>>> print(open('query.cif').read())   # mmCIF, C-alpha atoms
data_query
loop_
_atom_site.label_atom_id
_atom_site.label_comp_id
_atom_site.auth_asym_id
_atom_site.auth_seq_id
_atom_site.Cartn_x
_atom_site.Cartn_y
_atom_site.Cartn_z
CA MET A 1 136.76 -16.76 -71.62
CA THR A 2 140.38 -15.87 -70.92
CA THR A 3 141.08 -13.73 -67.85
CA TYR A 4 143.79 -11.12 -67.59
CA LYS A 5 146.22 -12.08 -64.85
CA MET A 6 147.16 -9.07 -62.76
CA PRO A 7 150.78 -8.10 -62.00
CA TYR A 8 152.01 -8.95 -58.52
CA LEU A 9 155.05 -8.41 -56.34
CA GLU A 10 157.57 -11.23 -56.53
CA PRO A 11 157.06 -13.56 -53.52
CA TYR A 12 159.88 -13.78 -51.03
CA HIS A 13 161.97 -16.92 -51.47
CA GLY A 14 165.09 -15.87 -49.61
CA ARG A 15 167.57 -13.05 -50.24
CA ASP A 16 168.19 -14.17 -53.80
CA SER A 17 164.61 -13.15 -54.65
CA ARG A 18 165.49 -9.53 -53.83
CA HIS A 19 167.57 -7.40 -56.16
CA ALA A 20 169.56 -4.18 -56.49
CA CYS A 21 167.40 -1.07 -56.29
CA PRO A 22 167.65 1.06 -59.46
CA ALA A 23 167.45 4.23 -57.35
CA CYS A 24 169.65 3.76 -54.27
CA LYS A 25 171.70 0.88 -55.78
CA GLN A 26 171.45 -1.05 -52.52
CA GLN A 27 171.71 -4.81 -53.04
CA LYS A 28 168.98 -7.27 -51.98
CA THR A 29 166.37 -4.59 -51.24
CA PHE A 30 164.31 -4.41 -54.45
CA THR A 31 161.21 -6.47 -55.24
CA PHE A 32 160.20 -6.89 -58.88
CA TYR A 33 156.60 -6.66 -60.08
CA ILE A 34 155.88 -9.87 -61.96
CA ASP A 35 153.75 -9.98 -65.12
CA GLY A 36 150.82 -12.24 -64.27
CA GLU A 37 150.58 -13.43 -67.88
CA THR A 38 154.18 -14.59 -68.24
CA GLY A 39 155.50 -15.00 -64.73
CA ARG A 40 158.43 -12.73 -65.61
CA PRO A 41 159.48 -9.35 -64.19
CA ILE A 42 157.79 -6.56 -66.15
CA ASN A 43 160.95 -4.45 -66.25
CA PRO A 44 164.01 -4.12 -63.98
CA THR A 45 162.80 -0.66 -62.96
CA VAL A 46 159.26 -1.75 -62.04
CA GLY A 47 159.17 -2.68 -58.39
CA LYS A 48 159.51 -1.49 -54.82
CA CYS A 49 162.50 -0.78 -52.59
CA ASN A 50 161.99 -1.94 -49.01
CA ARG A 51 164.08 0.97 -47.67
CA GLU A 52 161.01 3.19 -47.49
CA ILE A 53 162.48 6.05 -45.49
CA LYS A 54 166.04 6.08 -46.83
CA CYS A 55 165.07 5.47 -50.46
CA GLY A 56 161.32 5.13 -51.01
CA TYR A 57 161.52 4.10 -54.67
CA HIS A 58 158.27 2.51 -55.89
CA TYR A 59 157.45 2.26 -59.60
CA THR A 60 154.15 0.45 -60.12
CA PRO A 61 152.91 -1.47 -63.18
CA ARG A 62 150.17 1.14 -63.62
CA GLU A 63 152.75 3.92 -63.82
CA TYR A 64 155.00 1.91 -66.14
CA PHE A 65 152.23 1.03 -68.61
CA ARG A 66 151.05 4.63 -68.52
CA ASP A 67 154.57 5.86 -69.31
CA ASN A 68 155.07 3.16 -71.97
CA PRO A 69 151.89 2.78 -74.07
CA LYS A 70 153.65 0.01 -75.99
CA PRO A 71 155.28 -1.63 -72.98
CA LYS A 72 158.78 -3.01 -73.40
CA ARG A 73 158.16 -5.89 -71.10
CA TYR A 74 161.60 -7.54 -71.14
CA LEU A 75 165.23 -6.56 -71.43
CA THR A 76 166.84 -6.56 -74.86
CA THR A 77 170.51 -6.90 -73.92
CA ARG A 78 172.25 -8.99 -71.31
CA SER A 79 174.18 -5.94 -70.12
CA GLU A 80 170.92 -4.72 -68.62
CA VAL A 81 170.27 -7.91 -66.66
CA PRO A 82 170.32 -7.14 -62.93
CA SER A 83 171.94 -9.36 -60.34
CA GLY A 84 169.88 -12.04 -58.63
CA ASN A 85 168.22 -15.28 -59.60
CA CYS A 86 165.80 -13.56 -61.99
CA GLY A 87 168.55 -12.79 -64.49
CA ASN A 88 167.80 -15.90 -66.51
CA LEU A 89 164.24 -14.70 -67.02
CA PHE A 90 165.45 -12.07 -69.47
CA GLU A 91 166.36 -13.37 -72.87
CA GLN A 92 168.56 -11.49 -75.35
CA SER A 93 167.01 -10.42 -78.63
CA ASP A 94 169.12 -10.15 -81.76
CA THR A 95 166.47 -8.00 -83.41
CA GLY A 96 166.06 -5.54 -80.56
CA SER A 97 162.36 -6.36 -80.35
CA SER A 98 160.71 -6.30 -76.93
CA MET A 99 158.20 -9.01 -77.87
CA TYR A 100 158.89 -12.65 -77.04
CA ASN A 101 157.09 -15.92 -77.57
CA ASN A 102 156.57 -18.56 -74.90
CA THR A 103 160.04 -20.04 -75.43
CA GLY A 104 161.75 -16.71 -74.73
CA SER A 105 163.13 -16.33 -78.26
CA SER A 106 162.60 -13.19 -80.29
CA MET A 107 159.53 -12.96 -82.53
CA SER A 108 159.29 -11.91 -86.13
CA ASN A 109 157.19 -8.93 -87.21
CA ASN A 110 154.42 -11.28 -88.39
CA GLU A 111 154.46 -13.08 -85.05
CA ILE A 112 154.31 -9.77 -83.21
CA ARG A 113 151.32 -8.69 -85.32
CA LYS A 114 149.59 -12.01 -84.67
CA GLU A 115 150.28 -11.71 -80.95
CA ARG A 116 148.68 -8.26 -80.88
CA GLU A 117 145.64 -9.58 -82.72
CA ASN A 118 145.32 -12.37 -80.18
CA ARG A 119 145.54 -9.82 -77.37
CA GLY A 120 142.81 -7.80 -79.02
CA ASN A 121 140.53 -10.83 -78.90
CA THR A 122 141.19 -11.54 -75.23
CA LEU A 123 138.40 -10.87 -72.78
CA VAL A 124 139.26 -9.40 -69.42
CA GLY A 125 137.35 -10.55 -66.39
CA GLY A 126 137.54 -10.31 -62.65
CA GLN A 127 135.69 -10.90 -59.45
CA PRO A 128 133.48 -9.08 -58.80
CA ASN A 129 134.05 -6.55 -61.60
CA GLN A 130 134.43 -7.26 -65.32
CA LEU A 131 135.66 -4.89 -68.00
CA ASN A 132 133.94 -4.42 -71.30
CA GLN A 133 136.06 -5.53 -74.26
CA THR A 134 135.84 -2.09 -75.88
CA ASN A 135 137.35 -0.47 -72.78
CA LYS A 136 140.46 -2.60 -72.66
CA ILE A 137 141.80 -2.20 -76.20
CA ASN A 138 143.80 0.91 -77.05
CA GLN A 139 144.23 2.36 -80.50
CA THR A 140 147.33 0.30 -81.25
CA GLY A 141 145.47 -2.96 -80.71
CA ASN A 142 147.32 -3.72 -77.46
CA LEU A 143 145.68 -4.41 -74.14
CA ASN A 144 145.04 -1.17 -72.31
CA TYR A 145 146.84 -2.13 -69.11
CA VAL A 146 146.19 1.23 -67.43
CA GLU A 147 142.45 0.83 -68.00
CA ILE A 148 142.55 -2.68 -66.57
CA LEU A 149 144.51 -1.72 -63.47
CA GLN A 150 142.35 1.33 -62.75
CA ASN A 151 138.94 -0.28 -63.14
CA LYS A 152 139.25 -3.86 -61.93
CA ILE A 153 138.77 -3.81 -58.16
CA ASP A 154 138.12 -7.04 -56.29
CA CYS A 155 136.60 -7.38 -52.84
CA ILE A 156 136.25 -9.98 -50.10
CA SER A 157 133.07 -11.22 -48.45
CA PRO A 158 132.27 -9.40 -45.15
CA ARG A 159 131.78 -12.81 -43.53
CA TYR A 160 135.55 -13.05 -43.19
CA VAL A 161 135.54 -9.84 -41.15
CA ILE A 162 132.69 -11.03 -38.95
CA SER A 163 134.19 -14.46 -38.29
CA SER A 164 137.65 -13.05 -37.52
CA LYS A 165 136.64 -10.42 -34.96
CA SER A 166 138.52 -11.12 -31.77
CA TYR A 167 140.39 -9.61 -28.82
CA ASN A 168 142.78 -12.57 -28.85
CA SER A 169 145.75 -10.96 -30.58
CA ASN A 170 149.14 -9.89 -29.28
CA PHE A 171 148.42 -6.36 -30.44
CA VAL A 172 145.27 -6.06 -28.31
CA GLU A 173 147.14 -7.70 -25.43
CA PHE A 174 149.72 -4.93 -25.70
CA LEU A 175 147.03 -2.25 -25.60
CA HIS A 176 145.83 -3.56 -22.22
CA ASN A 177 149.14 -2.40 -20.74
CA TYR A 178 148.26 1.25 -21.32
CA PHE A 179 144.56 1.80 -22.01
CA PRO A 180 141.28 1.18 -20.18
CA ARG A 181 139.29 -1.90 -21.20
CA GLU A 182 136.32 0.14 -22.45
CA LYS A 183 138.56 2.19 -24.75
CA ILE A 184 140.05 -0.96 -26.21
CA ARG A 185 136.62 -2.49 -26.72
CA GLU A 186 135.48 0.63 -28.59
CA ALA A 187 138.57 0.60 -30.81
CA VAL A 188 138.18 -3.10 -31.65
CA ASP A 189 134.53 -2.51 -32.56
CA ASN A 190 135.19 0.62 -34.63
CA TYR A 191 138.03 -0.90 -36.66
CA ALA A 192 136.64 -4.46 -36.72
CA LEU A 193 139.99 -5.79 -35.52
CA GLY A 194 140.38 -9.51 -36.06
CA ALA A 195 142.77 -12.22 -34.99
CA ALA A 196 144.52 -14.95 -36.96
CA SER A 197 146.66 -17.91 -35.96
CA TYR A 198 149.55 -17.31 -33.56
CA LYS A 199 147.62 -14.35 -32.13
CA ARG A 200 148.33 -12.14 -35.13
CA VAL A 201 146.08 -9.12 -35.57
CA ILE A 202 144.05 -8.47 -38.73
CA PHE A 203 143.72 -4.84 -39.78
CA TRP A 204 140.82 -4.88 -42.27
CA GLN A 205 140.71 -2.38 -45.12
CA ILE A 206 137.02 -1.51 -45.52
CA ASP A 207 136.17 1.34 -47.88
CA ASN A 208 133.51 4.02 -47.42
CA ASN A 209 130.98 1.83 -49.27
CA ASP A 210 131.60 -1.01 -46.78
CA ASN A 211 133.44 -3.11 -49.37
CA VAL A 212 136.21 -5.23 -47.87
CA ARG A 213 139.34 -4.70 -49.97
CA THR A 214 141.68 -6.93 -47.93
CA GLY A 215 143.02 -7.55 -44.46
CA LYS A 216 146.59 -6.92 -43.32
CA ILE A 217 147.79 -9.66 -40.98
CA MET A 218 150.59 -8.58 -38.66
CA GLN A 219 152.41 -9.95 -35.66
CA TYR A 220 153.30 -7.80 -32.64
CA ASN A 221 155.32 -8.33 -29.51
CA PRO A 222 152.67 -8.25 -26.73
CA HIS A 223 155.11 -6.62 -24.28
CA THR A 224 156.80 -3.94 -26.39
CA GLY A 225 154.11 -3.36 -29.02
CA LYS A 226 156.78 -3.54 -31.74
CA ARG A 227 156.00 -5.29 -35.01
CA VAL A 228 157.64 -8.66 -35.53
CA LYS A 229 159.30 -8.36 -38.93
CA ASN A 230 161.62 -11.30 -39.31
CA GLU A 231 159.70 -14.30 -38.06
CA LYS A 232 157.63 -16.45 -40.40
CA GLY A 233 154.08 -15.16 -40.50
CA GLY A 234 155.09 -11.69 -39.32
CA ILE A 235 153.03 -10.07 -42.07
CA ASN A 236 150.58 -11.40 -44.64
CA TRP A 237 147.43 -10.40 -46.52
CA VAL A 238 144.00 -12.01 -46.40
CA HIS A 239 143.58 -11.79 -50.17
CA ASN A 240 146.83 -13.72 -50.62
CA ILE A 241 145.55 -16.52 -48.42
CA ILE A 242 142.20 -16.65 -50.23
CA LYS A 243 143.92 -16.69 -53.62
CA LYS A 244 145.68 -19.90 -52.69
CA ARG A 245 142.45 -21.54 -51.53
CA SER A 246 140.01 -20.47 -54.23
CA ALA A 247 140.42 -20.37 -58.02
CA VAL A 248 137.85 -17.56 -58.13
CA PHE A 249 140.40 -15.24 -56.50
CA GLU A 250 143.42 -16.52 -58.42
CA HIS A 251 143.84 -13.19 -60.23
CA TYR A 252 142.65 -10.96 -57.40
CA ASN A 253 143.34 -7.28 -58.10
CA LEU A 254 144.03 -5.45 -54.86
CA CYS A 255 143.13 -1.76 -54.78
CA GLN A 256 143.91 -0.53 -51.30
CA CYS A 257 141.99 2.09 -49.35
CA TYR A 258 142.77 3.85 -46.09
CA PHE A 259 142.54 1.71 -42.99
CA GLY A 260 139.49 3.01 -41.12
CA GLU A 261 137.90 4.54 -44.23
CA HIS A 262 134.53 2.96 -43.42
CA LEU A 263 134.26 5.28 -40.40
CA LEU A 264 133.86 8.32 -42.66
CA ASN A 265 130.21 7.55 -43.29
CA LEU A 266 129.55 6.71 -39.65
CA TYR A 267 130.90 10.07 -38.46
CA PRO A 268 130.25 12.56 -41.28
CA ASP A 269 130.86 15.61 -39.06
CA LYS A 270 134.21 14.59 -37.60
CA PRO A 271 137.55 15.90 -38.90
CA VAL A 272 140.12 13.34 -40.04
CA ALA A 273 143.61 12.47 -38.84
CA ILE A 274 145.91 10.38 -41.07
CA VAL A 275 148.96 8.47 -39.86
CA GLU A 276 151.17 5.88 -41.51
CA ALA A 277 150.62 2.72 -39.42
CA GLU A 278 147.36 0.96 -38.53
CA LYS A 279 148.61 0.52 -34.98
CA THR A 280 149.07 4.29 -34.70
CA ALA A 281 145.54 5.00 -35.95
CA VAL A 282 144.04 2.69 -33.33
CA ILE A 283 146.07 4.25 -30.52
CA GLY A 284 145.31 7.78 -31.73
CA SER A 285 141.58 7.02 -31.73
CA MET A 286 141.72 6.08 -28.05
CA ILE A 287 143.39 9.37 -27.10
CA TYR A 288 141.64 11.87 -29.40
CA SER A 289 138.23 10.41 -30.18
CA ASP A 290 136.97 13.69 -31.67
CA PHE A 291 138.77 12.71 -34.88
CA ILE A 292 138.46 9.85 -37.35
CA TRP A 293 141.88 8.22 -37.41
CA LEU A 294 142.92 6.67 -40.72
CA ALA A 295 146.14 4.87 -41.65
CA ALA A 296 147.88 5.09 -45.02
CA GLY A 297 149.52 1.69 -44.43
CA ASN A 298 153.02 2.83 -45.37
CA LEU A 299 155.04 5.89 -46.30
CA HIS A 300 153.69 5.95 -49.85
CA GLY A 301 150.10 5.00 -48.95
CA LEU A 302 149.09 8.67 -48.76
CA ASN A 303 148.02 9.68 -52.27
CA SER A 304 145.37 11.48 -54.29
CA PRO A 305 143.38 8.46 -55.59
CA LYS A 306 142.80 7.13 -52.07
CA SER A 307 142.09 10.66 -50.80
CA LYS A 308 139.07 11.24 -53.03
CA VAL A 309 136.91 10.05 -50.12
CA LEU A 310 138.15 13.05 -48.10
CA ARG A 311 136.36 15.63 -50.21
CA ASP A 312 135.09 18.57 -48.12
CA ARG A 313 136.78 17.17 -45.01
CA TYR A 314 139.25 18.78 -42.65
CA VAL A 315 142.36 16.55 -42.57
CA LEU A 316 145.39 16.54 -40.27
CA LEU A 317 148.54 14.63 -41.26
CA TYR A 318 150.92 13.06 -38.74
CA PRO A 319 153.98 11.74 -40.60
CA ASP A 320 156.53 9.49 -38.93
CA ALA A 321 159.88 10.91 -37.92
CA GLY A 322 162.02 11.48 -40.97
CA CYS A 323 159.03 11.60 -43.32
CA TYR A 324 157.76 15.13 -42.71
CA GLU A 325 159.08 16.68 -45.93
CA LYS A 326 157.79 13.80 -48.06
CA TRP A 327 154.28 14.07 -46.63
CA LYS A 328 154.42 17.84 -46.88
CA ALA A 329 154.99 17.47 -50.63
CA LYS A 330 152.14 14.95 -50.82
CA LEU A 331 149.90 17.41 -48.99
CA LYS A 332 150.33 19.99 -51.75
CA LYS A 333 149.54 17.42 -54.43
CA ILE A 334 146.46 16.05 -52.66
CA SER A 335 145.16 19.51 -51.79
CA SER A 336 145.29 20.47 -55.47
CA ASP A 337 143.54 17.26 -56.57
CA VAL A 338 140.95 16.86 -53.83
CA HIS A 339 138.66 19.55 -52.43
CA CYS A 340 139.65 19.30 -48.77
CA THR A 341 141.44 21.38 -46.14
CA MET A 342 144.66 19.65 -45.13
CA GLU A 343 147.33 20.49 -42.56
CA ILE A 344 150.43 18.74 -41.30
CA SER A 345 152.06 18.38 -37.88
CA ASP A 346 155.79 18.31 -37.28
CA VAL A 347 155.45 17.39 -33.60
CA VAL A 348 157.18 14.01 -34.03
CA GLU A 349 159.91 15.55 -36.18
CA LYS A 350 160.64 18.15 -33.52
CA HIS A 351 160.84 15.75 -30.59
CA ALA A 352 162.50 12.72 -32.21
CA THR A 353 166.13 11.90 -31.46
CA GLU A 354 168.60 10.98 -34.18
CA GLN A 355 168.07 7.29 -33.46
CA GLN A 356 164.29 7.71 -33.53
CA LEU A 357 164.52 9.51 -36.86
CA GLU A 358 166.47 6.51 -38.15
CA TYR A 359 163.84 3.96 -37.13
CA GLY A 360 160.60 5.77 -37.95
CA TYR A 361 159.44 6.99 -34.55
CA ASP A 362 155.78 8.01 -34.77
CA ILE A 363 153.05 9.70 -32.78
CA ALA A 364 151.91 6.40 -31.22
CA ASP A 365 155.42 5.84 -29.85
CA TYR A 366 155.37 9.35 -28.47
CA ILE A 367 151.98 8.83 -26.82
CA ILE A 368 153.07 5.52 -25.28
CA ASP A 369 156.25 7.14 -23.91
CA LYS A 370 154.15 9.86 -22.25
CA ILE A 371 151.78 7.28 -20.77
CA LYS A 372 154.78 5.37 -19.38
CA GLU A 373 155.95 8.57 -17.72
CA GLU A 374 152.49 9.06 -16.19
CA ASN A 375 152.41 5.47 -14.94
CA GLU A 376 155.90 5.72 -13.44
CA THR A 377 154.92 8.91 -11.64
CA ALA A 378 151.73 7.28 -10.34
CA GLU A 379 153.69 4.24 -9.16
CA THR A 380 156.17 6.43 -7.32
CA GLU A 381 153.49 8.51 -5.62
CA ASN A 382 150.88 5.82 -4.91
CA GLY A 383 152.84 2.61 -4.93
CA CYS A 384 150.71 1.17 -7.74
CA VAL A 385 149.98 1.72 -11.39
CA SER A 386 146.47 2.42 -12.63
CA ARG A 387 145.19 2.96 -16.16
CA PRO A 388 143.37 6.30 -15.95
CA GLU A 389 141.81 8.26 -18.75
CA HIS A 390 145.01 9.78 -20.07
CA ASN A 391 145.22 13.55 -20.27
CA LEU A 392 147.86 14.51 -22.80
CA ASP A 393 147.01 18.20 -22.88
CA ASN A 394 150.65 19.14 -22.34
CA THR A 395 152.13 16.38 -24.45
CA PHE A 396 152.56 18.38 -27.62
CA GLU A 397 154.03 21.76 -26.84
CA ASN A 398 154.84 24.24 -29.56
CA THR A 399 158.27 25.76 -29.71
CA PRO A 400 158.07 29.54 -29.21
CA GLU A 401 157.49 31.26 -32.51
CA GLU A 402 155.31 33.93 -33.99
CA LYS A 403 151.84 32.57 -34.61
CA LYS A 404 150.44 32.98 -38.08
CA GLN A 405 146.83 34.01 -38.56
CA PRO A 406 144.67 31.19 -39.98
CA SER A 407 143.29 31.48 -43.47
CA PRO A 408 139.55 32.18 -43.96
CA THR A 409 139.04 28.52 -44.88
CA LEU A 410 140.73 27.33 -41.72
CA GLU A 411 138.79 29.83 -39.61
CA LYS A 412 135.58 28.41 -41.06
CA MET A 413 136.66 24.87 -40.20
CA MET A 414 137.65 25.91 -36.68
CA SER A 415 134.23 27.44 -36.13
CA ARG A 416 132.63 24.23 -37.40
CA TYR A 417 134.85 22.00 -35.22
CA PRO A 418 135.52 23.85 -31.91
CA SER A 419 138.02 21.20 -30.79
CA LEU A 420 140.31 22.06 -33.71
CA THR A 421 141.64 25.23 -32.09
CA GLU A 422 142.84 23.36 -29.03
CA LEU A 423 144.25 20.46 -31.01
CA ILE A 424 146.15 22.70 -33.44
CA GLU A 425 147.89 24.33 -30.49
CA LYS A 426 148.66 21.00 -28.80
CA LEU A 427 150.03 19.24 -31.86
CA GLY A 428 152.04 22.04 -33.36
CA LEU A 429 150.13 22.07 -36.64
CA GLU A 430 151.00 24.46 -39.41
CA GLU A 431 148.87 25.64 -42.29
CA ILE A 432 150.43 25.33 -45.74
#
>>> encode(input="query.cif", output="structure tokens")
Amino acid sequence: MTTYKMPYLEPYHGRDSRHACPACKQQKTFTFYIDGETGRPINPTVGKCNREIKCGYHYTPREYFRDNPKPKRYLTTRSEVPSGNCGNLFEQSDTGSSMYNNTGSSMSNNEIRKERENRGNTLVGGQPNQLNQTNKINQTGNLNYVEILQNKIDCISPRYVISSKSYNSNFVEFLHNYFPREKIREAVDNYALGAASYKRVIFWQIDNNDNVRTGKIMQYNPHTGKRVKNEKGGINWVHNIIKKRSAVFEHYNLCQCYFGEHLLNLYPDKPVAIVEAEKTAVIGSMIYSDFIWLAAGNLHGLNSPKSKVLRDRYVLLYPDAGCYEKWKAKLKKISSDVHCTMEISDVVEKHATEQQLEYGYDIADYIIDKIKEENETAETENGCVSRPEHNLDNTFENTPEEKKQPSPTLEKMMSRYPSLTELIEKLGLEEI
């Protein structure tokens, strides 16, 4: 049986493995999606720009194959070849055909027809899910890539989560500077935080059915709490490590979920707060435990497919500085697709400086700054610093403005969750 090899982001092999973004035109910022079958970029427009706030371009293989039912996988003219060391992967076709054989030369119509027939006879498999042959062939006889990418979801054994659980990470060490030990212990237990080599933290993505999708391995400075981005091993994924060690996971298809999603079933009556970073969700949970804190993982991690698990929930969004308008637009899309009540806070946007807007200041940074102020005051008054239960009641003050009456739906949610009224006032939330 032949397996379908999933597309993947081009691994980093130095600056030459990053290309010009088709949206912002910035050099050395764009990562191609590679066709797992051929090892070649799918298309020069299919990839991700790493300038998430300033650009945010991300065109996935699923979107490309959906937009191009007969995918033009490779470039047809050398004038379209982007800069970078992947230019030689695109071969010119004299016939204008987008189909190529293994040597990179253009194929005749008979060869193209034969290739399509071969694709039609290919079985698609995965671990743990397999697709039925009838589901993967579209009417043209081509592989139905959209069907494959939407239905094949692989998972990792929970034993990896259990064996990795640890307080011995730089991230947890940082938390001890600001939070009581019992709060940290509760957060580590709730989110099943793990530790990897070099004291890196593992943020596990566990869905609401307790399936382990992957683990995000990140390095933090234990003193500042800032993510280490440039050192080797600064960020990795558990599924990537397993893929290299086991042939079973060679073609692992990652379908991400919200970080903390498994808590939805544990606390069915709690409202939900969504932030961008996993670190922020953990810190938020230690300050406002009346909410389930989820993390989208990145600016574009907030979307309708992942939000299906939020049906009938009350959801508060806390975008990073500079991202308010983008998440506000996502709110409208998700609210129309998923039956949930969703609001957004602009508290970070209001209080962030120009420099903080530039570097993605978020609610966790704001909370830590307030705790530092409390500790400095305590040190001045008492000559020592303690780690009390932090009271941030006055942390998020609304700017004076006329208050709008809540909608009937929001009033119902506020009566169901009494703490919502107080939190809405503290965090400057607005109903859209």
>>> resolve_selection(input="query.cif", expression="the PyMOL selection byres ((chain A and resi 35) around 10)", output="PyMOL selection string")
chain A and resi 5-10+32-34+36-43+61+73
>>> closest_residue(input="query.cif", among="A:Arg62, A:Lys306, A:His262, A:Arg18", to="Val46 (chain A)", atoms="all atoms listed in the file")
A:Arg62
>>> closest_residue(input="query.cif", among="A:Asn209, A:Thr224, A:Ser345, A:Gln256", to="Asn303 (chain A)", atoms="only C-alpha atoms")
A:Gln256
>>> resolve_selection(input="query.cif", expression="the PyMOL selection byres ((chain A and resi 278-287) around 8)", output="short mmCIF file (atom, residue, chain, number, x, y, z; two decimals) with C-alpha atoms, in the frame of the given file")
data_model
loop_
_atom_site.label_atom_id
_atom_site.label_comp_id
_atom_site.auth_asym_id
_atom_site.auth_seq_id
_atom_site.Cartn_x
_atom_site.Cartn_y
_atom_site.Cartn_z
CA PHE A 179 144.56 1.80 -22.01
CA LYS A 183 138.56 2.19 -24.75
CA ILE A 184 140.05 -0.96 -26.21
CA ALA A 187 138.57 0.60 -30.81
CA TYR A 191 138.03 -0.90 -36.66
CA PHE A 203 143.72 -4.84 -39.78
CA PHE A 259 142.54 1.71 -42.99
CA ILE A 274 145.91 10.38 -41.07
CA VAL A 275 148.96 8.47 -39.86
CA GLU A 276 151.17 5.88 -41.51
CA ALA A 277 150.62 2.72 -39.42
CA TYR A 288 141.64 11.87 -29.40
CA SER A 289 138.23 10.41 -30.18
CA PHE A 291 138.77 12.71 -34.88
CA ILE A 292 138.46 9.85 -37.35
CA TRP A 293 141.88 8.22 -37.41
CA LEU A 294 142.92 6.67 -40.72
CA ALA A 295 146.14 4.87 -41.65
CA ALA A 296 147.88 5.09 -45.02
CA GLY A 297 149.52 1.69 -44.43
CA ASP A 362 155.78 8.01 -34.77
CA ILE A 363 153.05 9.70 -32.78
CA ALA A 364 151.91 6.40 -31.22
CA HIS A 390 145.01 9.78 -20.07
#
>>> closest_residue(input="query.cif", among="A:Trp204, A:His223, A:Tyr57, A:Leu331", to="Tyr178 (chain A)", atoms="only C-alpha atoms")
A:His223
>>> resolve_selection(input="query.cif", expression="the PyMOL selection byres ((chain A and resi 53) around 9)", output="list in words")
Asn50, Arg51, Glu52, Lys54, Cys55, Gly56, Leu299, Gly322, Cys323, Glu358, Tyr359 and Gly360 of chain A
>>> write_last_selection(input="query.cif", atoms="C-alpha atoms", output="short mmCIF file (atom, residue, chain, number, x, y, z; two decimals), in the frame of the given file")
data_model
loop_
_atom_site.label_atom_id
_atom_site.label_comp_id
_atom_site.auth_asym_id
_atom_site.auth_seq_id
_atom_site.Cartn_x
_atom_site.Cartn_y
_atom_site.Cartn_z
CA ASN A 50 161.99 -1.94 -49.01
CA ARG A 51 164.08 0.97 -47.67
CA GLU A 52 161.01 3.19 -47.49
CA LYS A 54 166.04 6.08 -46.83
CA CYS A 55 165.07 5.47 -50.46
CA GLY A 56 161.32 5.13 -51.01
CA LEU A 299 155.04 5.89 -46.30
CA GLY A 322 162.02 11.48 -40.97
CA CYS A 323 159.03 11.60 -43.32
CA GLU A 358 166.47 6.51 -38.15
CA TYR A 359 163.84 3.96 -37.13
CA GLY A 360 160.60 5.77 -37.95
#
>>> residues_around(input="query.cif", residues="Ser164 (chain A)", least_positions_apart="5", cutoff="9 Å", atoms="only C-alpha atoms", output="PyMOL selection string")
chain A and resi 159+192-196+202
>>> atom_distance(input="query.cif", atom1="CA of Ser304 (chain A)", atom2="CA of Val338 (chain A)")
7.0 Å
>>> residues_near_point(input="query.cif", point="(143.9, 16.2, -47.0)", cutoff="7 Å", atoms="only C-alpha atoms", output="ChimeraX atom specification")
/A:307,310,314-316,331,334-335,340-342
>>> atom_distance(input="query.cif", atom1="CA of Val272 (chain A)", atom2="CA of Ile367 (chain A)")
18.3 Å
>>> closest_residue(input="query.cif", among="A:Tyr167, A:Tyr252, A:Phe174, A:Tyr324", to="Lys226 (chain A)", atoms="only C-alpha atoms")
A:Phe174
>>> atom_distance(input="query.cif", atom1="CA of Val212 (chain A)", atom2="CA of Ser157 (chain A)")
6.8 Å
>>> closest_residue(input="query.cif", among="A:Asp16, A:Asp320, A:Glu325, A:Glu343", to="Ala273 (chain A)", atoms="all atoms listed in the file")
A:Glu343
>>> residues_near_point(input="query.cif", point="(152.7, -9.5, -30.0)", cutoff="6 Å", atoms="only C-alpha atoms", output="PyMOL selection string")
chain A and resi 170-171+219-222
>>> residues_around(input="query.cif", residues="region 240-246 of chain A", least_positions_apart="2", cutoff="12 Å", atoms="only C-alpha atoms", output="VMD selection string")
chain A and resid 8 to 9 11 127 154 to 157 160 196 213 to 217 233 235 to 238 248 to 254
>>> axis_aligned_box(input="query.cif", around="region 242-257 of chain A", padding_each_side="3 Å", output="lines of an AutoDock Vina configuration file")
center_x = 141.8
center_y = -9.7
center_z = -54.8
size_x = 13.8
size_y = 29.6
size_z = 16.9
